[in-house]
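Structure file model.pdb (PDB, C-alpha atoms) follows.
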```
ATOM      1  CA  MET A   1     270.273 131.595 161.805
ATOM      2  CA  GLU A   2     269.056 134.955 163.114
ATOM      3  CA  LYS A   3     271.416 137.866 162.506
ATOM      4  CA  ARG A   4     271.696 141.189 164.337
ATOM      5  CA  GLN A   5     273.463 144.430 163.466
ATOM      6  CA  LEU A   6     276.582 144.707 165.640
ATOM      7  CA  GLY A   7     276.125 148.198 167.031
ATOM      8  CA  GLN A   8     277.256 150.908 164.634
ATOM      9  CA  THR A   9     279.547 148.602 162.666
ATOM     10  CA  ASP A  10     278.622 147.398 159.183
ATOM     11  CA  MET A  11     278.600 143.779 160.406
ATOM     12  CA  GLU A  12     275.381 141.797 160.521
ATOM     13  CA  VAL A  13     276.341 138.970 162.866
ATOM     14  CA  SER A  14     274.813 135.591 163.581
ATOM     15  CA  VAL A  15     273.410 135.364 167.119
ATOM     16  CA  LEU A  16     275.774 132.466 167.763
ATOM     17  CA  GLY A  17     279.491 132.914 167.218
ATOM     18  CA  PHE A  18     282.305 130.381 167.398
ATOM     19  CA  GLY A  19     284.715 130.796 170.308
ATOM     20  CA  GLY A  20     288.222 129.576 169.559
ATOM     21  CA  ALA A  21     289.578 128.989 173.070
ATOM     22  CA  GLU A  22     288.684 125.300 173.377
ATOM     23  CA  ILE A  23     290.272 124.183 170.127
ATOM     24  CA  GLY A  24     293.560 125.679 171.300
ATOM     25  CA  PHE A  25     293.566 124.713 174.968
ATOM     26  CA  GLN A  26     292.225 121.206 174.310
ATOM     27  CA  GLY A  27     294.647 120.510 171.478
ATOM     28  CA  ALA A  28     292.079 119.779 168.767
ATOM     29  CA  THR A  29     293.465 118.286 165.564
ATOM     30  CA  GLU A  30     293.428 120.134 162.261
ATOM     31  CA  GLU A  31     291.002 117.541 160.874
ATOM     32  CA  THR A  32     288.567 118.054 163.756
ATOM     33  CA  VAL A  33     288.763 121.834 163.487
ATOM     34  CA  ALA A  34     288.169 121.703 159.735
ATOM     35  CA  ARG A  35     284.979 119.668 160.270
ATOM     36  CA  LEU A  36     283.961 121.875 163.184
ATOM     37  CA  LEU A  37     284.356 125.204 161.407
ATOM     38  CA  GLU A  38     283.016 124.061 158.043
ATOM     39  CA  GLY A  39     279.949 122.764 159.878
ATOM     40  CA  ALA A  40     279.555 126.009 161.798
ATOM     41  CA  LEU A  41     279.732 128.130 158.643
ATOM     42  CA  ASP A  42     277.348 125.799 156.826
ATOM     43  CA  ALA A  43     274.886 126.126 159.742
ATOM     44  CA  GLY A  44     274.746 129.886 159.152
ATOM     45  CA  LEU A  45     277.218 131.088 161.749
ATOM     46  CA  ASN A  46     279.368 133.997 160.543
ATOM     47  CA  VAL A  47     281.376 135.079 163.616
ATOM     48  CA  ILE A  48     284.690 133.529 164.671
ATOM     49  CA  ASP A  49     286.273 134.915 167.837
ATOM     50  CA  THR A  50     289.685 133.855 169.081
ATOM     51  CA  GLY A  51     292.724 135.262 170.870
ATOM     52  CA  GLU A  52     296.472 135.297 170.492
ATOM     53  CA  CYS A  53     296.881 133.518 173.848
ATOM     54  CA  TYR A  54     294.568 130.596 173.027
ATOM     55  CA  GLU A  55     297.596 128.439 172.253
ATOM     56  CA  GLY A  56     297.218 127.046 168.691
ATOM     57  CA  SER A  57     293.750 128.441 168.030
ATOM     58  CA  GLU A  58     294.671 131.161 165.540
ATOM     59  CA  GLU A  59     296.889 128.791 163.552
ATOM     60  CA  LEU A  60     294.163 126.133 163.372
ATOM     61  CA  ILE A  61     291.609 128.639 162.131
ATOM     62  CA  GLY A  62     294.008 129.925 159.489
ATOM     63  CA  GLN A  63     294.972 126.425 158.359
ATOM     64  CA  THR A  64     291.382 125.229 157.940
ATOM     65  CA  ILE A  65     289.092 127.995 156.696
ATOM     66  CA  ALA A  66     291.247 130.836 155.391
ATOM     67  CA  SER A  67     289.917 129.937 151.924
ATOM     68  CA  ARG A  68     286.398 130.887 153.099
ATOM     69  CA  ARG A  69     287.460 134.247 154.535
ATOM     70  CA  THR A  70     284.542 136.118 152.937
ATOM     71  CA  ASP A  71     282.065 133.841 154.767
ATOM     72  CA  TYR A  72     282.833 135.042 158.291
ATOM     73  CA  HIS A  73     283.679 138.027 160.462
ATOM     74  CA  LEU A  74     287.028 137.418 162.169
ATOM     75  CA  PHE A  75     287.682 138.701 165.701
ATOM     76  CA  THR A  76     290.800 138.210 167.820
ATOM     77  CA  LYS A  77     292.378 139.673 170.974
ATOM     78  CA  CYS A  78     295.755 140.988 172.051
ATOM     79  CA  GLY A  79     297.673 141.787 175.233
ATOM     80  CA  HIS A  80     298.929 138.369 176.367
ATOM     81  CA  PRO A  81     301.739 137.643 173.884
ATOM     82  CA  ARG A  82     303.340 134.811 175.841
ATOM     83  CA  GLY A  83     300.125 133.011 176.739
ATOM     84  CA  VAL A  84     297.490 133.238 179.457
ATOM     85  CA  GLY A  85     298.894 134.972 182.522
ATOM     86  CA  SER A  86     301.362 137.118 180.601
ATOM     87  CA  GLU A  87     300.599 140.785 179.989
ATOM     88  CA  ASP A  88     302.210 143.406 177.799
ATOM     89  CA  TRP A  89     300.224 146.526 176.951
ATOM     90  CA  SER A  90     303.070 148.448 175.327
ATOM     91  CA  PRO A  91     302.213 149.718 171.824
ATOM     92  CA  SER A  92     305.139 147.876 170.245
ATOM     93  CA  SER A  93     304.081 144.554 171.740
ATOM     94  CA  LEU A  94     300.419 145.018 170.817
ATOM     95  CA  LEU A  95     301.234 145.876 167.205
ATOM     96  CA  GLU A  96     303.669 142.971 166.952
ATOM     97  CA  SER A  97     300.985 140.675 168.352
ATOM     98  CA  ILE A  98     298.386 141.881 165.852
ATOM     99  CA  GLU A  99     300.800 141.378 162.954
ATOM    100  CA  ARG A 100     301.517 137.858 164.231
ATOM    101  CA  SER A 101     297.783 137.134 164.466
ATOM    102  CA  LEU A 102     297.304 138.166 160.832
ATOM    103  CA  ARG A 103     300.005 135.703 159.784
ATOM    104  CA  ARG A 104     298.602 132.914 161.910
ATOM    105  CA  LEU A 105     295.045 133.501 160.663
ATOM    106  CA  ARG A 106     296.280 133.787 157.056
ATOM    107  CA  THR A 107     294.431 137.007 156.380
ATOM    108  CA  ASP A 108     295.360 140.595 155.546
ATOM    109  CA  ARG A 109     292.830 142.162 157.866
ATOM    110  CA  LEU A 110     290.778 141.517 161.002
ATOM    111  CA  ASP A 111     287.203 142.631 161.309
ATOM    112  CA  LEU A 112     287.734 143.320 165.011
ATOM    113  CA  ILE A 113     290.789 143.544 167.259
ATOM    114  CA  GLN A 114     290.094 143.567 171.011
ATOM    115  CA  LEU A 115     292.148 144.530 174.058
ATOM    116  CA  HIS A 116     291.992 141.395 176.185
ATOM    117  CA  SER A 117     290.972 142.114 179.788
ATOM    118  CA  CYS A 118     293.386 144.924 180.563
ATOM    119  CA  SER A 119     292.733 146.921 183.718
ATOM    120  CA  GLU A 120     291.057 150.311 184.007
ATOM    121  CA  PRO A 121     294.405 152.040 184.794
ATOM    122  CA  VAL A 122     295.868 150.607 181.567
ATOM    123  CA  LEU A 123     292.880 151.908 179.616
ATOM    124  CA  ARG A 124     293.114 155.332 181.262
ATOM    125  CA  LYS A 125     296.810 155.625 180.432
ATOM    126  CA  GLY A 126     295.809 155.548 176.763
ATOM    127  CA  ASP A 127     298.832 153.868 175.141
ATOM    128  CA  ALA A 128     297.061 150.560 174.556
ATOM    129  CA  ILE A 129     294.067 152.271 172.962
ATOM    130  CA  ALA A 130     296.420 154.332 170.791
ATOM    131  CA  ALA A 131     298.117 151.121 169.606
ATOM    132  CA  LEU A 132     294.782 149.719 168.434
ATOM    133  CA  GLN A 133     294.032 152.986 166.655
ATOM    134  CA  THR A 134     297.400 152.689 164.890
ATOM    135  CA  ALA A 135     296.522 149.125 163.877
ATOM    136  CA  ARG A 136     293.317 150.399 162.334
ATOM    137  CA  GLU A 137     295.174 153.175 160.505
ATOM    138  CA  LYS A 138     297.570 150.549 159.093
ATOM    139  CA  GLY A 139     294.616 148.525 157.796
ATOM    140  CA  TYR A 140     295.190 145.611 160.182
ATOM    141  CA  ALA A 141     291.681 145.839 161.664
ATOM    142  CA  ARG A 142     288.420 147.490 160.703
ATOM    143  CA  TYR A 143     286.979 147.905 164.200
ATOM    144  CA  LEU A 144     288.275 148.140 167.779
ATOM    145  CA  GLY A 145     286.888 146.365 170.831
ATOM    146  CA  TYR A 146     287.410 145.737 174.522
ATOM    147  CA  SER A 147     286.977 142.296 176.083
ATOM    148  CA  GLY A 148     286.546 142.264 179.841
ATOM    149  CA  ASP A 149     284.261 142.801 182.811
ATOM    150  CA  GLY A 150     283.438 145.032 185.736
ATOM    151  CA  GLN A 151     284.558 148.624 186.138
ATOM    152  CA  ALA A 152     287.167 148.309 183.383
ATOM    153  CA  ALA A 153     284.425 147.314 180.953
ATOM    154  CA  ARG A 154     282.304 150.243 182.095
ATOM    155  CA  TYR A 155     285.197 152.638 181.517
ATOM    156  CA  ALA A 156     285.845 151.106 178.077
ATOM    157  CA  VAL A 157     282.238 151.783 177.101
ATOM    158  CA  GLU A 158     282.225 155.299 178.555
ATOM    159  CA  SER A 159     285.514 156.212 176.852
ATOM    160  CA  GLY A 160     284.012 156.153 173.369
ATOM    161  CA  ALA A 161     287.227 154.564 172.035
ATOM    162  CA  PHE A 162     285.698 151.207 171.149
ATOM    163  CA  ASP A 163     283.160 149.928 168.647
ATOM    164  CA  THR A 164     282.346 146.778 170.607
ATOM    165  CA  LEU A 165     282.377 145.268 174.079
ATOM    166  CA  GLN A 166     282.804 141.566 174.811
ATOM    167  CA  THR A 167     281.721 140.733 178.360
ATOM    168  CA  SER A 168     280.357 137.860 180.461
ATOM    169  CA  ILE A 169     276.571 137.585 180.401
ATOM    170  CA  ASN A 170     274.753 134.458 181.546
ATOM    171  CA  ILE A 171     272.406 133.033 184.176
ATOM    172  CA  ALA A 172     275.281 132.986 186.730
ATOM    173  CA  ASP A 173     276.944 136.252 185.720
ATOM    174  CA  GLN A 174     274.639 139.255 185.417
ATOM    175  CA  GLU A 175     276.624 142.209 186.761
ATOM    176  CA  ALA A 176     277.089 143.616 183.243
ATOM    177  CA  ILE A 177     273.340 143.765 182.619
ATOM    178  CA  ASP A 178     273.030 146.659 185.083
ATOM    179  CA  LEU A 179     276.574 148.021 185.229
ATOM    180  CA  VAL A 180     277.525 148.252 181.562
ATOM    181  CA  LEU A 181     274.785 147.373 179.089
ATOM    182  CA  PRO A 182     272.546 150.429 179.637
ATOM    183  CA  ILE A 183     275.444 152.709 178.612
ATOM    184  CA  ALA A 184     276.393 150.423 175.712
ATOM    185  CA  ARG A 185     272.808 150.562 174.412
ATOM    186  CA  GLU A 186     272.750 154.333 174.780
ATOM    187  CA  LYS A 187     275.897 154.541 172.640
ATOM    188  CA  ASN A 188     274.610 151.895 170.187
ATOM    189  CA  MET A 189     277.716 149.847 170.857
ATOM    190  CA  GLY A 190     278.138 146.285 169.612
ATOM    191  CA  VAL A 191     277.874 143.764 172.467
ATOM    192  CA  ILE A 192     279.369 140.267 172.317
ATOM    193  CA  ALA A 193     278.363 137.926 175.163
ATOM    194  CA  LYS A 194     281.084 135.576 176.348
ATOM    195  CA  ARG A 195     280.499 132.488 178.512
ATOM    196  CA  PRO A 196     276.785 132.637 177.524
ATOM    197  CA  ILE A 197     275.888 129.214 178.933
ATOM    198  CA  ALA A 198     277.909 129.611 182.152
ATOM    199  CA  ASN A 199     280.151 126.706 181.096
ATOM    200  CA  VAL A 200     277.114 124.432 181.759
ATOM    201  CA  ALA A 201     278.509 124.317 185.291
ATOM    202  CA  TRP A 202     275.270 122.747 186.590
ATOM    203  CA  LYS A 203     275.664 119.538 184.581
ATOM    204  CA  GLU A 204     277.661 117.959 187.428
ATOM    205  CA  SER A 205     276.073 117.228 190.795
ATOM    206  CA  HIS A 206     279.519 117.570 192.408
ATOM    207  CA  LYS A 207     281.979 120.441 192.167
ATOM    208  CA  PRO A 208     283.673 120.316 188.730
ATOM    209  CA  ILE A 209     287.330 119.320 188.512
ATOM    210  CA  ALA A 210     288.171 122.358 186.368
ATOM    211  CA  SER A 211     288.662 125.364 188.646
ATOM    212  CA  TYR A 212     287.517 127.637 185.787
ATOM    213  CA  HIS A 213     283.963 126.342 186.417
ATOM    214  CA  HIS A 214     283.973 126.578 190.229
ATOM    215  CA  THR A 215     282.593 130.110 190.614
ATOM    216  CA  TYR A 216     279.592 129.462 188.396
ATOM    217  CA  TRP A 217     278.922 126.063 189.989
ATOM    218  CA  GLU A 218     278.877 127.629 193.461
ATOM    219  CA  ARG A 219     276.630 130.489 192.350
ATOM    220  CA  LEU A 220     274.160 128.183 190.620
ATOM    221  CA  ASN A 221     273.957 126.000 193.731
ATOM    222  CA  LYS A 222     272.684 129.074 195.576
ATOM    223  CA  LEU A 223     270.494 130.417 192.765
ATOM    224  CA  ARG A 224     268.710 127.059 192.278
ATOM    225  CA  TYR A 225     266.802 128.075 189.184
ATOM    226  CA  ASP A 226     263.575 126.128 188.654
ATOM    227  CA  PHE A 227     264.324 125.492 184.981
ATOM    228  CA  ILE A 228     267.587 123.742 185.850
ATOM    229  CA  ARG A 229     265.879 121.493 188.407
ATOM    230  CA  ASP A 230     262.813 120.753 186.280
ATOM    231  CA  GLN A 231     264.187 120.355 182.740
ATOM    232  CA  PRO A 232     266.456 117.769 181.082
ATOM    233  CA  LEU A 233     270.017 119.003 180.558
ATOM    234  CA  GLU A 234     269.673 119.916 176.859
ATOM    235  CA  GLU A 235     266.493 121.907 177.522
ATOM    236  CA  SER A 236     268.086 123.741 180.441
ATOM    237  CA  ILE A 237     271.101 124.614 178.259
ATOM    238  CA  ALA A 238     268.738 125.975 175.603
ATOM    239  CA  HIS A 239     266.884 128.005 178.238
ATOM    240  CA  ALA A 240     270.156 129.467 179.546
ATOM    241  CA  LEU A 241     271.397 130.374 176.074
ATOM    242  CA  ARG A 242     268.067 131.928 175.128
ATOM    243  CA  PHE A 243     268.282 134.023 178.321
ATOM    244  CA  THR A 244     271.593 135.523 177.236
ATOM    245  CA  LEU A 245     270.255 136.244 173.752
ATOM    246  CA  SER A 246     267.158 137.854 175.316
ATOM    247  CA  VAL A 247     269.209 140.442 177.230
ATOM    248  CA  PRO A 248     268.553 143.837 175.602
ATOM    249  CA  GLY A 249     271.607 145.049 173.721
ATOM    250  CA  VAL A 250     273.290 141.667 173.152
ATOM    251  CA  HIS A 251     274.055 141.014 169.485
ATOM    252  CA  THR A 252     275.948 137.723 169.440
ATOM    253  CA  ALA A 253     276.928 135.039 171.957
ATOM    254  CA  ILE A 254     280.255 133.228 171.665
ATOM    255  CA  VAL A 255     280.117 129.472 172.214
ATOM    256  CA  GLY A 256     283.139 127.171 172.075
ATOM    257  CA  THR A 257     283.250 123.436 171.384
ATOM    258  CA  THR A 258     285.539 120.770 169.988
ATOM    259  CA  LYS A 259     282.664 118.565 168.783
ATOM    260  CA  PRO A 260     281.852 118.998 165.053
ATOM    261  CA  GLU A 261     278.242 117.837 165.481
ATOM    262  CA  ARG A 262     277.613 120.457 168.144
ATOM    263  CA  TRP A 263     276.772 123.292 165.763
ATOM    264  CA  GLN A 264     273.621 121.746 164.360
ATOM    265  CA  GLU A 265     272.610 121.022 167.971
ATOM    266  CA  ASN A 266     273.365 124.607 169.005
ATOM    267  CA  ALA A 267     271.253 125.954 166.154
ATOM    268  CA  LYS A 268     268.336 123.839 167.408
ATOM    269  CA  LEU A 269     268.808 125.124 170.960
ATOM    270  CA  ILE A 270     267.847 128.652 169.941
ATOM    271  CA  ALA A 271     265.159 127.729 167.403
ATOM    272  CA  GLU A 272     262.393 128.782 169.820
ATOM    273  CA  GLY A 273     263.728 132.340 169.869
ATOM    274  CA  LEU A 274     263.779 134.632 172.882
ATOM    275  CA  LEU A 275     262.456 133.709 176.299
ATOM    276  CA  SER A 276     259.020 134.988 177.194
ATOM    277  CA  GLU A 277     258.900 138.094 179.353
ATOM    278  CA  ALA A 278     257.849 135.953 182.330
ATOM    279  CA  GLN A 279     260.700 133.458 181.816
ATOM    280  CA  PHE A 280     263.272 136.222 181.454
ATOM    281  CA  SER A 281     261.953 138.121 184.487
ATOM    282  CA  ALA A 282     262.041 134.985 186.645
ATOM    283  CA  ILE A 283     265.792 134.618 186.067
ATOM    284  CA  ARG A 284     266.491 138.310 186.613
ATOM    285  CA  GLU A 285     264.382 138.459 189.790
ATOM    286  CA  ARG A 286     266.075 135.379 191.224
ATOM    287  CA  TRP A 287     269.468 136.959 190.577
ATOM    288  CA  GLU A 288     268.450 140.235 192.200
ATOM    289  CA  GLU A 289     267.117 138.335 195.217
ATOM    290  CA  MET A 290     270.139 136.080 195.741
ATOM    291  CA  ALA A 291     273.244 137.714 194.261
ATOM    292  CA  PRO A 292     275.508 139.615 196.699
ATOM    293  CA  ALA A 293     277.591 142.552 195.506
ATOM    294  CA  SER A 294     280.636 140.257 195.464
ATOM    295  CA  TRP A 295     279.238 138.327 192.473
ATOM    296  CA  VAL A 296     281.099 140.368 189.895
ATOM    297  CA  GLY A 297     281.733 139.600 186.215
ATOM    298  CA  GLN A 298     284.160 136.753 185.570
ATOM    299  CA  ASN A 299     286.903 137.115 182.976
TER     300      ASN A 299
END
```
Output the structure of this file as structure tokens.
Amino acid sequence: MEKRQLGQTDMEVSVLGFGGAEIGFQGATEETVARLLEGALDAGLNVIDTGECYEGSEELIGQTIASRRTDYHLFTKCGHPRGVGSEDWSPSSLLESIERSLRRLRTDRLDLIQLHSCSEPVLRKGDAIAALQTAREKGYARYLGYSGDGQAARYAVESGAFDTLQTSINIADQEAIDLVLPIAREKNMGVIAKRPIANVAWKESHKPIASYHHTYWERLNKLRYDFIRDQPLEESIAHALRFTLSVPGVHTAIVGTTKPERWQENAKLIAEGLLSEAQFSAIRERWEEMAPASWVGQN
């Protein structure tokens, strides 16, 4: 699998990374996760990204592949210690959360610790950033990142406090391409694309049951990309993923699944490499034509 240098870090990362949200929220078994992650690592993937609020995700990762710790770069997030919807940006809570993540993941150090979607005022206050810097000084994490979108993400990049940015970049979510990525490239910052296939929101002809997918489904209904209408589902997914990986400045794209066989399929999806200039431009031009200012990045 193709690898790219993650900004100014010393990490050479696979262009596909494993996202740990699904295995936690969907209650995957330890046996399934073991097959899933072993298969991902064997396929050449070397990035695992999770979060302390993804229910049992950190524990499952630690229980299944801690013995292969040298085979992957391990990223997690902090700021929601009592699950999704909770927030605590105090230094004591953040450090406690990071220590808990190390225990859950059965490791003595993280390659990257990320503030998880805190607001711009929280970033400007500085305490949360200082807590991450303390974690690095204690040896808990090698690099610091921000995960989020919009103006908060722009401030995180401009602040110079972070080594990486994780933000939404896909065919239905392109605000970051103009708002944030030019500055990130200028600073040679590592960029991790989340939601890179827009949750495949177009696979249903009717509005999805899961509200998490509604925004992208509604946007794609208005964008009406030719490649979605004209190609079989698997080919359109490949086209969408290759778009995200073709965005200048993106180093890795985080994809989640609970299906062990999916990683060999994902590797095939990107085998053709980047989109052609014409294919990439067609998606960007359609977005610029149709997207109102209200179509902001989705956390």
Per-residue nearest contacts range 70-187 of chain A to range 241-251 of chain A, cut-off 7 Å, using all atoms listed in the file, as JSON lines:
```
{"residue": "A:Ile169", "atom": "CA", "partner": "A:Thr244", "partner_atom": "CA", "distance": 6.2}
{"residue": "A:Asn170", "atom": "CA", "partner": "A:Thr244", "partner_atom": "CA", "distance": 5.4}
{"residue": "A:Leu181", "atom": "CA", "partner": "A:Gly249", "partner_atom": "CA", "distance": 6.7}
{"residue": "A:Arg185", "atom": "CA", "partner": "A:Gly249", "partner_atom": "CA", "distance": 5.7}
```
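Shortest separation to Ser57 in chain A among A:Ile183, A:Ile113, A:Ala253, A:Leu105 occurs at residue A:Leu105, atoms counted being only C-alpha atoms.
In this comparison, which uses all atoms listed in the file, the residue of A:Lys222, A:Arg229, A:Lys77, A:Arg82 approaching Gln114 in chain A most closely is A:Lys77.
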Residue members of the PyMOL selection byres ((chain A and resi 140-154) around 7) in the file shown, as a PyMOL selection string
chain A and resi 108-117+119-120+132+135-136+138-139+155-158+162-168+176+179-180+296-299
Could you state which residues are captured by the PyMOL selection byres ((chain A and resi 288) around 12) in this file, as a PyMOL selection string?
chain A and resi 171-175+177-178+223+281-287+289-293+295
Run the PyMOL selection byres ((chain A and resi 69) around 12) mentally over the shown coordinates, then write out the matched residues as a PyMOL selection string, using the chain letters and numbers from the document.
chain A and resi 37-38+41+46-48+61-68+70-74+105-111
If I put a ball of radius 9 Å at (277.4, 141.6, 164.6) in the file's coordinates, which residues poke into it when counting all atoms listed in the file, written as a PyMOL selection string?
chain A and resi 3-7+9-15+46-47+73+190-192+251-252
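Between CA of His80 in chain A and CA of Cys53 in chain A lies a distance of 5.8 Å.
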May I have a table of the residues of range 116-155 of chain A lying at most 7 Å from range 84-102 of chain A, giving each one's closest pair of atoms and their distance in Å to one decimal, counting all atoms listed in the file, ordered by chain and ascending residue number, as JSON lines?
```
{"residue": "A:Asp127", "atom": "CA", "partner": "A:Pro91", "partner_atom": "CA", "distance": 6.3}
{"residue": "A:Ala128", "atom": "CA", "partner": "A:Trp89", "partner_atom": "CA", "distance": 5.7}
{"residue": "A:Ala131", "atom": "CA", "partner": "A:Pro91", "partner_atom": "CA", "distance": 4.9}
{"residue": "A:Ala135", "atom": "CA", "partner": "A:Leu95", "partner_atom": "CA", "distance": 6.6}
```
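Ranking A:Cys118, A:Leu36, A:Ala21, A:Ala267 by their shortest atom-to-atom distance to Thr76 in chain A, with only C-alpha atoms included, puts A:Ala21 first.
Taking only C-alpha atoms into account, Glu2 in chain A lies nearest to A:Ala43 out of the set A:Ile228, A:Ala34, A:Ala43, A:Ile23.
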